[in-house]
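Asker: Have a look at this one before I ask anything.
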Amino acid sequence: MYKVLVFGMSTVRGGVWRCLENYTKYIDNRRIQFDFLCNSYEEIPEEATFLARGIKIYKTPRRFPNYLRYKREVQNFFKQHAHEYDAIWVNISNLVNIDYLILSKKYGIPRIILHSHGSRSVTGKIKDMFHLLNKKRIDYYATDFWACSVDAAKWLFTEKGLSKAVIVNNAIDIESVCYNEVKRERYRNMLGMNDCQTLIGNIARLEYPKNQVFLIEVMHAFLHKYPQVELVLVGDGSDKDEIVRTAESLGIQDRIHIVGEQEDVQGWLSAIDVFVLPSLFEGLPLAALEAQANGLPLLYANDDIPESVNVVDGGYVIGESLLSSLGQWCEQLEKLVKLPTRLSSEVIRSKFAIKGYDITVESQRLEKLFLQESREHDATN
């Protein structure tokens with residue numbers, strides 16, 4: 001059996017978590033054994049489910065505040081366990097910390113797969129400096145270079161890495177997020193909404209890169225023409241207080257619902273009428289794919305989100321620059337609000353299969369990528 005150590009599972013249900021959850025669930029565990037290495041002692045979402053599937057979950061401390069403890073425990077882990085694995089699959093969005101690559105090479109893991117999930121980063125000048133310095137070093141440590149999009153590959157890899165880069169799509173389980181009429185009614189009732197009202201939605205961490213404060217400003221402008229519109233934000237994070245303050249300052253706090261992190265993504269997507277993604281940057285946003293799989297129209301910021309996010313097309317997906325006026329955003333939002341119905345499940349399945357975002361298809365491709373490239377790697381060593 002081929003054994004892979006997976007780094008990148010977070011303590012929140014973010015895009016990387018959902019991507020890894022999908023792939024590790026659908027790849028045949030009789031052929032590939034996945035285990036997780038987490039840089040926190042906190043419980044990860046669905047931890048009991050992963051353990052029940054035979055996945056081992058190893059935990060080490062965060063890098064700070066106790067750096068010496070972190071270094072000691074991470075090094076001890078690789079010293080004790082590196083020999084058990086054929087590959088390590090490192091899923092990250094920046095190169096501020098490449099300790100896991102360095103230790104993987106030091107302790108002899110044959111394949112070191114670096115998988116990029118971001119297109120840029122907001123980390124501060126010092127961290128940005130480390131990112132740039134480490135970018136020059138990764139060719140020595142990594143053997144494989146994967147990315148969720150071309151932009152994500154360009155962000156993390158050197159020219160050498162780009163020449164070997166493989167795009168691994170953020171594929172999703174379409175059935176798990178497809179439209180559900182019963183759940184739509186349930187969740188809209190929870191918000192006190194009737195069928196005549198329009199619900200705009202966003203599902204993401206409430207953090208600066210996700211740019212929900214801008215979405216509040218768009219809502220304020222849009223309400224002048226569509227007073228029956230409301231907004232639901234599904235997620236939690238450090239920007240929550242600023243989002244609330246902005247809504248209060250604009251006098252629209254009664255039209256904004258912040259419901260926190262939720263397990264039932266399908267239910268909340270079904271309740272929404274138009275999905276808006278105003279992120280400052282994304283590698284390839286899984287939330288946008290899930291929204292389209294639910295049949296939802298999508299309005300997204302196209303400045304630093306790749307065009308490949310548009311899976312279904314047909315007037316159901318519109319990109320707009322964050323440099324455009326609020327009025328322009330409202331015009332685009334109005335086009336989507338006026339669409340007569342959701343996309344049909346038949347169209348969705350067809351489009352997702354063609355574009356490579358159906359997990360039932362892409363998991364087979366990734367399994368072959370692990371096993372075939374492993375044979376090729378062995379042949380050259």
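Please note that chains go A, B, ... in the order of the structure tokens, that every chain numbers its residues from 1, and that ligands are numbered from 1 in the order shown.
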Can you list every residue in stretch 78-297 of chain A that DSSP puts in strand (DSSP E or B), as an NGL selection string?
Answerer: :A and (87-92 or 111-116 or 144-147 or 166-167 or 172 or 198-203 or 229-235 or 256-260 or 274-277)
Asker: From a backbone DSSP assignment, name each residue in stretch 21-232 of chain A labelled alpha helix (DSSP H), as a PyMOL selection string.
Answerer: chain A and resi 21-26+47-52+67-81+99-106+125-135+138-141+150-156+159-164+174-177+181-190+212-222
Asker: Could the residues in this selection be saved with C-alpha atoms as a PDB file, in the first residue's frame?
Answerer:
ATOM      1  CA  GLU A  21     -11.696  15.950   2.763  1.00  0.00           C
ATOM      2  CA  ASN A  22     -13.103  15.293  -0.704  1.00  0.00           C
ATOM      3  CA  TYR A  23      -9.989  13.676  -2.146  1.00  0.00           C
ATOM      4  CA  THR A  24      -9.115  11.513   0.860  1.00  0.00           C
ATOM      5  CA  LYS A  25     -12.722  10.315   0.979  1.00  0.00           C
ATOM      6  CA  TYR A  26     -12.981   9.313  -2.677  1.00  0.00           C
ATOM      7  CA  GLU A  47     -11.996  14.273  13.245  1.00  0.00           C
ATOM      8  CA  ALA A  48     -13.951  11.249  14.472  1.00  0.00           C
ATOM      9  CA  THR A  49     -15.068  10.503  10.903  1.00  0.00           C
ATOM     10  CA  PHE A  50     -11.492  10.591   9.609  1.00  0.00           C
ATOM     11  CA  LEU A  51     -10.321   8.299  12.411  1.00  0.00           C
ATOM     12  CA  ALA A  52     -13.161   5.872  11.664  1.00  0.00           C
ATOM     13  CA  TYR A  67       8.975  28.184  18.914  1.00  0.00           C
ATOM     14  CA  LEU A  68      11.523  25.919  20.633  1.00  0.00           C
ATOM     15  CA  ARG A  69       8.840  23.424  21.647  1.00  0.00           C
ATOM     16  CA  TYR A  70       7.439  23.501  18.122  1.00  0.00           C
ATOM     17  CA  LYS A  71      10.870  22.797  16.568  1.00  0.00           C
ATOM     18  CA  ARG A  72      11.587  19.968  18.980  1.00  0.00           C
ATOM     19  CA  GLU A  73       8.261  18.185  18.548  1.00  0.00           C
ATOM     20  CA  VAL A  74       8.088  18.560  14.758  1.00  0.00           C
ATOM     21  CA  GLN A  75      11.642  17.260  14.358  1.00  0.00           C
ATOM     22  CA  ASN A  76      10.925  14.343  16.702  1.00  0.00           C
ATOM     23  CA  PHE A  77       7.848  13.452  14.669  1.00  0.00           C
ATOM     24  CA  PHE A  78       9.784  13.241  11.397  1.00  0.00           C
ATOM     25  CA  LYS A  79      12.634  11.375  13.079  1.00  0.00           C
ATOM     26  CA  GLN A  80      10.199   8.734  14.353  1.00  0.00           C
ATOM     27  CA  HIS A  81       7.731   8.480  11.448  1.00  0.00           C
ATOM     28  CA  ASP A  99      10.085  23.375   7.823  1.00  0.00           C
ATOM     29  CA  TYR A 100       7.921  20.447   6.702  1.00  0.00           C
ATOM     30  CA  LEU A 101       9.679  20.343   3.328  1.00  0.00           C
ATOM     31  CA  ILE A 102      13.132  20.590   4.921  1.00  0.00           C
ATOM     32  CA  LEU A 103      12.474  17.855   7.493  1.00  0.00           C
ATOM     33  CA  SER A 104      10.869  15.583   4.915  1.00  0.00           C
ATOM     34  CA  LYS A 105      14.062  15.684   2.856  1.00  0.00           C
ATOM     35  CA  LYS A 106      16.313  15.407   5.890  1.00  0.00           C
ATOM     36  CA  LYS A 125       6.520  42.755   5.207  1.00  0.00           C
ATOM     37  CA  ILE A 126       8.630  40.363   7.293  1.00  0.00           C
ATOM     38  CA  LYS A 127       6.611  37.298   6.338  1.00  0.00           C
ATOM     39  CA  ASP A 128       6.541  38.403   2.713  1.00  0.00           C
ATOM     40  CA  MET A 129      10.335  38.577   2.826  1.00  0.00           C
ATOM     41  CA  PHE A 130      10.550  35.009   4.148  1.00  0.00           C
ATOM     42  CA  HIS A 131       8.139  33.881   1.426  1.00  0.00           C
ATOM     43  CA  LEU A 132      10.365  35.319  -1.303  1.00  0.00           C
ATOM     44  CA  LEU A 133      13.555  33.925   0.239  1.00  0.00           C
ATOM     45  CA  ASN A 134      12.068  30.453   0.644  1.00  0.00           C
ATOM     46  CA  LYS A 135      10.714  30.489  -2.898  1.00  0.00           C
ATOM     47  CA  ILE A 138      11.991  24.995  -2.628  1.00  0.00           C
ATOM     48  CA  ASP A 139      13.409  23.430  -5.790  1.00  0.00           C
ATOM     49  CA  TYR A 140      16.009  21.719  -3.613  1.00  0.00           C
ATOM     50  CA  TYR A 141      13.405  20.178  -1.305  1.00  0.00           C
ATOM     51  CA  VAL A 150      -2.195  28.415 -12.939  1.00  0.00           C
ATOM     52  CA  ASP A 151      -2.200  31.585 -10.812  1.00  0.00           C
ATOM     53  CA  ALA A 152      -1.553  29.527  -7.685  1.00  0.00           C
ATOM     54  CA  ALA A 153       1.368  27.804  -9.402  1.00  0.00           C
ATOM     55  CA  LYS A 154       2.909  31.127 -10.444  1.00  0.00           C
ATOM     56  CA  TRP A 155       2.557  32.447  -6.905  1.00  0.00           C
ATOM     57  CA  LEU A 156       4.449  29.626  -5.184  1.00  0.00           C
ATOM     58  CA  GLU A 159      10.375  28.773 -13.281  1.00  0.00           C
ATOM     59  CA  LYS A 160      11.805  25.317 -12.660  1.00  0.00           C
ATOM     60  CA  GLY A 161       8.821  24.342 -10.558  1.00  0.00           C
ATOM     61  CA  LEU A 162       6.417  25.825 -13.102  1.00  0.00           C
ATOM     62  CA  SER A 163       7.923  23.653 -15.823  1.00  0.00           C
ATOM     63  CA  LYS A 164       6.897  20.571 -13.827  1.00  0.00           C
ATOM     64  CA  ILE A 174     -21.694  17.599  -6.486  1.00  0.00           C
ATOM     65  CA  GLU A 175     -24.392  15.495  -4.818  1.00  0.00           C
ATOM     66  CA  SER A 176     -23.428  16.697  -1.333  1.00  0.00           C
ATOM     67  CA  VAL A 177     -24.118  20.353  -2.222  1.00  0.00           C
ATOM     68  CA  GLU A 181     -36.004  22.367  -1.601  1.00  0.00           C
ATOM     69  CA  VAL A 182     -36.800  21.095   1.901  1.00  0.00           C
ATOM     70  CA  LYS A 183     -33.609  22.574   3.337  1.00  0.00           C
ATOM     71  CA  ARG A 184     -34.221  25.817   1.469  1.00  0.00           C
ATOM     72  CA  GLU A 185     -37.525  26.310   3.244  1.00  0.00           C
ATOM     73  CA  ARG A 186     -36.093  25.309   6.615  1.00  0.00           C
ATOM     74  CA  TYR A 187     -33.182  27.740   6.573  1.00  0.00           C
ATOM     75  CA  ARG A 188     -35.137  30.629   5.102  1.00  0.00           C
ATOM     76  CA  ASN A 189     -37.723  30.156   7.854  1.00  0.00           C
ATOM     77  CA  MET A 190     -34.900  30.357  10.385  1.00  0.00           C
ATOM     78  CA  GLN A 212     -17.016  40.842   3.313  1.00  0.00           C
ATOM     79  CA  VAL A 213     -16.884  44.489   4.443  1.00  0.00           C
ATOM     80  CA  PHE A 214     -17.040  45.438   0.764  1.00  0.00           C
ATOM     81  CA  LEU A 215     -20.040  43.147   0.359  1.00  0.00           C
ATOM     82  CA  ILE A 216     -21.835  45.070   3.113  1.00  0.00           C
ATOM     83  CA  GLU A 217     -21.249  48.265   1.131  1.00  0.00           C
ATOM     84  CA  VAL A 218     -22.618  46.635  -2.034  1.00  0.00           C
ATOM     85  CA  MET A 219     -25.699  45.537  -0.093  1.00  0.00           C
ATOM     86  CA  HIS A 220     -26.266  49.055   1.197  1.00  0.00           C
ATOM     87  CA  ALA A 221     -26.242  50.401  -2.370  1.00  0.00           C
ATOM     88  CA  PHE A 222     -28.380  47.545  -3.708  1.00  0.00           C
TER      89      PHE A 222
END
Asker: Using only C-alpha atoms, which of A:Tyr208, A:Phe275, A:Phe352, A:Tyr357 sits nearest A:Val168?
Answerer: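 Comparing A:Tyr208, A:Phe275, A:Phe352, A:Tyr357 against A:Val168, the winner is A:Tyr357.
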Asker: Considering only C-alpha atoms, can you say which of A:Ser345, A:Ser249, A:Ser116, A:Gln332 comes closest to A:Gly295?
Answerer: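 With only C-alpha atoms as the atom set, the closest residue is A:Ser345.
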Asker: Using only C-alpha atoms, which of A:Leu323, A:Gly283, A:Ile32, A:Tyr2 sits nearest A:Gln364?
Answerer: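 Closest residue, counting only C-alpha atoms: A:Ile32.
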Asker: Provide the atom CA of A:Asp264 to atom CA of A:Ser121 distance in Å, to one decimal place.
Answerer: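 Rounded to one decimal, the two atoms are 28.4 Å apart.
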Asker: Tell me which of A:Asp35, A:Glu207, A:Glu42, A:Glu282 sits closest to A:His117, counting only C-alpha atoms.
Answerer: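 For A:His117, the nearest of the given residues is A:Glu282.
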Asker: Within 10 Å of stretch 252-259 of chain A, counting only C-alpha atoms, which residues qualify if same-chain residues fewer than 4 places away don't, as a PyMOL selection string?
Answerer: chain A and resi 191+199-202+206+216-217+219-220+223+227-236+240+243-248
Asker: Pick out the residues sitting within 12 Å of A:Val312, and hand them over as a ChimeraX atom specification; count only C-alpha atoms, and ignore anything fewer than 2 positions along from it in its own chain.
Answerer: /A:288-298,307-310,314-318,342-357
Asker: What's the separation between atom CA of A:Leu284 and atom CA of A:Ile57, in Å to one decimal place?
Answerer: 26.3 Å
Asker: Which of these residues is nearest to A:Thr198, using only C-alpha atoms: A:His115, A:Val6, A:Tyr226, A:Pro306?
Answerer: A:Tyr226
Asker: To one decimal in Å, tell me the separation between atom CA of A:Gly124 and atom CA of A:Lys136.
Answerer: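 According to the coordinates, atom CA of A:Gly124 and atom CA of A:Lys136 are separated by 19.1 Å.
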Asker: May I ask which of the residues A:Ile172, A:Ala165, A:Val337, A:Ala287 is the closest one to A:Leu20, counting only C-alpha atoms?
Answerer: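 Comparing A:Ile172, A:Ala165, A:Val337, A:Ala287 against A:Leu20, the winner is A:Ile172.
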Asker: Can you pull out the residues contacting A:Asp303? Cut-off 9 Å, using only C-alpha atoms, and skip same-chain residues under 3 positions away; I want them as a PyMOL selection string.
Answerer: chain A and resi 279-281+306+319-323
